[in-house]
>>> print(open('protein-v2.tsv').read())   # TSV, C-alpha atoms
chain	number	residue	atom	x	y	z
A	4	MET	CA	109.24	91.24	104.81
A	5	TRP	CA	107.94	90.43	101.37
A	6	PRO	CA	107.89	86.75	100.42
A	7	SER	CA	110.79	87.18	97.97
A	8	GLN	CA	112.87	88.34	100.95
A	9	CYS	CA	112.13	85.22	102.98
A	10	ASN	CA	115.47	83.55	103.43
A	11	ARG	CA	115.35	79.88	104.18
A	12	GLY	CA	116.18	79.49	107.82
A	13	ALA	CA	116.32	83.19	108.57
A	14	PRO	CA	113.60	83.93	111.10
A	15	PRO	CA	112.00	87.34	110.70
A	16	HIS	CA	113.27	90.18	112.82
A	17	LEU	CA	111.05	90.20	115.85
A	18	GLY	CA	111.30	93.86	116.83
A	19	HIS	CA	108.15	95.99	117.03
A	20	GLY	CA	109.39	98.32	114.29
A	21	GLU	CA	109.98	95.44	111.89
A	22	LEU	CA	106.61	93.94	112.78
A	23	ARG	CA	104.87	97.23	111.99
A	24	LYS	CA	106.75	97.56	108.68
A	25	GLN	CA	105.68	94.05	107.73
A	26	GLU	CA	102.02	94.72	108.55
A	27	ILE	CA	102.00	97.91	106.51
A	28	LEU	CA	103.87	96.32	103.61
A	29	PHE	CA	101.42	93.43	103.37
A	30	ALA	CA	98.51	95.87	103.51
A	31	ARG	CA	100.03	98.16	100.88
A	32	ILE	CA	100.80	95.30	98.49
A	33	GLN	CA	97.32	93.87	99.01
A	34	LEU	CA	95.71	97.25	98.39
A	35	GLU	CA	97.61	97.75	95.13
A	36	LEU	CA	96.70	94.28	93.89
A	37	PHE	CA	93.02	94.68	94.67
A	38	LYS	CA	92.86	98.12	93.08
A	39	LYS	CA	93.94	96.42	89.85
A	40	LEU	CA	91.69	93.37	90.28
A	41	LEU	CA	89.15	93.04	87.48
A	42	PRO	CA	86.03	91.33	88.87
A	43	HIS	CA	85.08	89.74	85.54
A	44	GLN	CA	88.36	87.79	85.69
A	45	CYS	CA	87.06	86.04	88.82
A	46	LEU	CA	84.18	84.47	86.96
A	47	GLY	CA	84.35	80.70	86.79
A	48	SER	CA	84.08	80.77	83.01
A	49	ILE	CA	87.42	82.59	82.80
A	50	TRP	CA	89.21	81.26	85.89
A	51	SER	CA	88.44	77.62	85.08
A	52	LYS	CA	90.34	77.93	81.77
A	53	ARG	CA	93.54	79.26	83.35
A	54	ASN	CA	95.50	75.99	83.20
A	55	LYS	CA	94.76	75.17	79.57
A	56	PRO	CA	97.68	75.53	77.15
A	57	GLY	CA	97.82	79.03	75.66
A	58	SER	CA	95.70	80.50	78.48
A	59	GLU	CA	98.53	82.03	80.48
A	60	HIS	CA	97.18	85.49	79.62
A	61	LEU	CA	93.78	84.82	81.23
A	62	ALA	CA	92.94	86.45	84.55
A	63	PRO	CA	96.30	88.16	85.24
A	64	THR	CA	94.89	90.26	88.08
A	65	VAL	CA	93.45	87.20	89.80
A	66	ARG	CA	96.70	85.32	89.25
A	67	ALA	CA	98.58	88.19	90.91
A	68	THR	CA	96.36	88.11	94.01
A	69	VAL	CA	96.64	84.32	94.25
A	70	ALA	CA	100.43	84.54	93.82
A	71	GLN	CA	100.60	87.12	96.62
A	72	PHE	CA	98.48	84.93	98.90
A	73	ASN	CA	100.67	81.91	98.16
A	74	GLY	CA	103.82	84.02	98.60
A	75	VAL	CA	102.73	85.12	102.08
A	76	ALA	CA	101.90	81.52	103.04
A	77	LYS	CA	105.22	80.24	101.70
A	78	CYS	CA	107.06	82.99	103.58
A	79	VAL	CA	105.44	81.87	106.85
A	80	ILE	CA	106.28	78.23	106.20
A	81	THR	CA	109.84	79.01	105.08
A	82	THR	CA	110.65	81.15	108.12
A	83	CYS	CA	109.22	78.50	110.44
A	84	LEU	CA	110.83	75.46	108.82
A	85	GLY	CA	113.70	76.66	106.64
A	86	ASN	CA	116.54	76.24	109.12
A	87	PRO	CA	116.94	72.70	110.47
A	88	SER	CA	119.18	73.93	113.29
A	89	MET	CA	116.35	75.94	114.87
A	90	THR	CA	115.16	74.69	118.24
A	91	ALA	CA	111.51	74.28	119.19
A	92	ARG	CA	111.76	77.54	121.16
A	93	ASP	CA	113.21	79.37	118.11
A	94	ARG	CA	110.37	78.09	115.95
A	95	ALA	CA	107.84	79.06	118.65
A	96	MET	CA	109.18	82.62	118.58
A	97	VAL	CA	108.73	82.71	114.81
A	98	VAL	CA	105.20	81.29	115.14
A	99	GLU	CA	104.41	83.95	117.75
A	100	HIS	CA	105.71	86.60	115.36
A	101	TRP	CA	103.37	85.40	112.61
A	102	ILE	CA	100.44	85.31	115.03
A	103	LYS	CA	101.13	88.98	115.84
A	104	VAL	CA	101.30	89.80	112.13
A	105	ALA	CA	98.02	87.93	111.59
A	106	LYS	CA	96.34	89.92	114.38
A	107	ALA	CA	97.65	93.14	112.87
A	108	CYS	CA	96.30	92.09	109.47
A	109	GLN	CA	92.90	91.60	111.08
A	110	THR	CA	93.10	95.04	112.67
A	111	LEU	CA	94.05	96.56	109.30
A	112	ARG	CA	91.21	94.58	107.68
A	113	ASN	CA	93.72	92.83	105.44
A	114	TYR	CA	91.78	89.58	105.48
A	115	SER	CA	93.58	87.98	102.56
A	116	SER	CA	97.00	88.16	104.27
A	117	LEU	CA	95.36	87.14	107.55
A	118	HIS	CA	93.90	84.06	105.87
A	119	ALA	CA	97.24	83.26	104.18
A	120	ILE	CA	99.12	83.41	107.50
A	121	LEU	CA	96.54	81.33	109.36
A	122	SER	CA	96.42	78.78	106.53
A	123	ALA	CA	100.19	78.42	106.64
A	124	LEU	CA	100.28	78.05	110.43
A	125	GLN	CA	97.56	75.39	110.15
A	126	SER	CA	99.32	73.54	107.34
A	127	VAL	CA	100.36	70.00	108.16
A	128	SER	CA	104.07	70.86	108.09
A	129	ILE	CA	103.72	73.43	110.89
A	130	HIS	CA	100.64	72.24	112.73
A	131	CYS	CA	102.25	68.87	113.54
A	132	LEU	CA	105.26	70.44	115.32
A	133	GLU	CA	104.08	69.51	118.81
A	134	LYS	CA	107.22	70.65	120.65
A	135	THR	CA	107.06	74.02	118.89
A	136	TRP	CA	103.40	74.59	119.73
A	137	GLU	CA	104.08	73.58	123.36
A	138	LYS	CA	106.62	76.42	123.55
A	139	VAL	CA	104.24	79.07	122.13
A	140	SER	CA	103.18	81.38	124.97
A	141	ARG	CA	99.59	81.23	126.22
A	142	LYS	CA	98.51	84.68	125.10
A	143	PRO	CA	99.62	84.31	121.44
A	144	LEU	CA	98.20	80.77	121.39
A	145	ARG	CA	94.78	82.02	122.54
A	146	MET	CA	94.97	84.82	120.00
A	147	PHE	CA	95.75	82.27	117.28
A	148	GLN	CA	92.82	80.08	118.31
A	149	LYS	CA	90.44	83.08	118.27
A	150	LEU	CA	91.69	84.16	114.86
A	151	CYS	CA	91.25	80.62	113.52
A	152	ASN	CA	87.72	80.41	114.92
A	153	LYS	CA	86.80	83.60	113.07
A	154	ASP	CA	88.63	82.57	109.89
A	155	THR	CA	85.84	80.59	108.31
A	156	THR	CA	83.81	81.55	105.27
A	157	GLN	CA	80.89	82.48	107.50
A	158	GLY	CA	83.16	84.31	109.96
A	159	ARG	CA	84.86	86.29	107.18
A	160	ASN	CA	81.48	87.32	105.79
A	161	LEU	CA	80.40	88.48	109.25
A	162	LEU	CA	83.65	90.40	109.73
A	163	ILE	CA	83.15	92.14	106.42
A	164	LYS	CA	79.54	92.94	107.27
A	165	ASP	CA	80.49	94.16	110.77
A	166	THR	CA	83.11	96.58	109.46
A	167	GLY	CA	80.47	98.37	107.42
A	168	CYS	CA	83.25	99.53	105.15
A	169	ARG	CA	82.87	98.43	101.56
A	170	ALA	CA	85.66	100.69	100.34
A	171	LEU	CA	88.51	98.45	101.40
A	172	PRO	CA	89.33	96.27	98.40
A	173	TRP	CA	90.81	93.37	100.34
A	174	HIS	CA	87.41	92.38	101.68
A	175	PHE	CA	86.46	90.78	98.38
A	176	PRO	CA	89.42	88.47	97.85
A	177	HIS	CA	88.47	85.71	100.20
A	178	GLN	CA	86.87	83.99	97.27
A	179	VAL	CA	90.15	84.63	95.41
A	180	ALA	CA	92.27	83.52	98.37
A	181	ASP	CA	90.17	80.38	98.73
A	182	VAL	CA	90.66	79.70	95.01
A	183	GLY	CA	94.42	80.11	95.48
A	184	TYR	CA	94.43	77.72	98.39
A	185	ARG	CA	92.33	75.15	96.52
A	186	SER	CA	94.30	75.50	93.28
A	187	GLY	CA	97.44	74.05	94.80
A	188	GLY	CA	98.87	77.07	96.59
A	189	LEU	CA	99.82	75.44	99.86
A	190	SER	CA	99.10	71.77	99.51
A	191	GLY	CA	100.52	71.39	96.03
A	192	GLY	CA	103.54	73.58	96.62
A	193	GLU	CA	106.62	72.72	98.60
>>> encode(input="protein-v2.tsv", output="structure tokens")
Amino acid sequence: MWPSQCNRGAPPHLGHGELRKQEILFARIQLELFKKLLPHQCLGSIWSKRNKPGSEHLAPTVRATVAQFNGVAKCVITTCLGNPSMTARDRAMVVEHWIKVAKACQTLRNYSSLHAILSALQSVSIHCLEKTWEKVSRKPLRMFQKLCNKDTTQGRNLLIKDTGCRALPWHFPHQVADVGYRSGGLSGGE
């Protein structure tokens, strides 16, 4: 499910086949974006000018990665909160789905999508749903807590170092993802 396909109130399909398609799609999209990413566009001297009038053309590859990060986060939030008729158990099932997707992103070393999903699940709008979190099963909840514990700047750097694989382009974007988060992606959005 790509963020543009996130229907308000339509929880994602929870079947294993759909889950696998989603994992692969996020990884494929991320890979294509980071293949196109131009490192010089990440420099503060360029990125800091992005909001000035007439600067819309600056850093298009960075903007694309930030937009993708924000799109994934908004998709998570929308599927969890979009339908007011959902029960706490329904929302818990959707949260469990996103925890599984996050774990798969970690396995695929798609750390940007992993960080986007975890950031969305930890956003105030979802994190404060006590009845929902009470209904999340123990195993996915523990998995979520472990993923969150590793999802720190230091933890991400260790994960990248531990993989020993510098060829995967989505290792780099945590600085980009962090920029997207800080530049109003989640907190300044909906």
>>> atom_distance(input="protein-v2.tsv", atom1="CA of Leu132 (chain A)", atom2="CA of Phe29 (chain A)")
26.2 Å
>>> atom_distance(input="protein-v2.tsv", atom1="CA of Lys134 (chain A)", atom2="CA of Lys103 (chain A)")
19.9 Å
>>> atom_distance(input="protein-v2.tsv", atom1="CA of Ser126 (chain A)", atom2="CA of Lys77 (chain A)")
10.6 Å
>>> closest_residue(input="protein-v2.tsv", among="A:Gln25, A:Gln148, A:Gly57, A:Leu34", to="Asn113 (chain A)", atoms="all atoms listed in the file")
A:Leu34
>>> closest_residue(input="protein-v2.tsv", among="A:Ala30, A:Val97, A:Leu84, A:Ala76", to="Lys138 (chain A)", atoms="all atoms listed in the file")
A:Val97
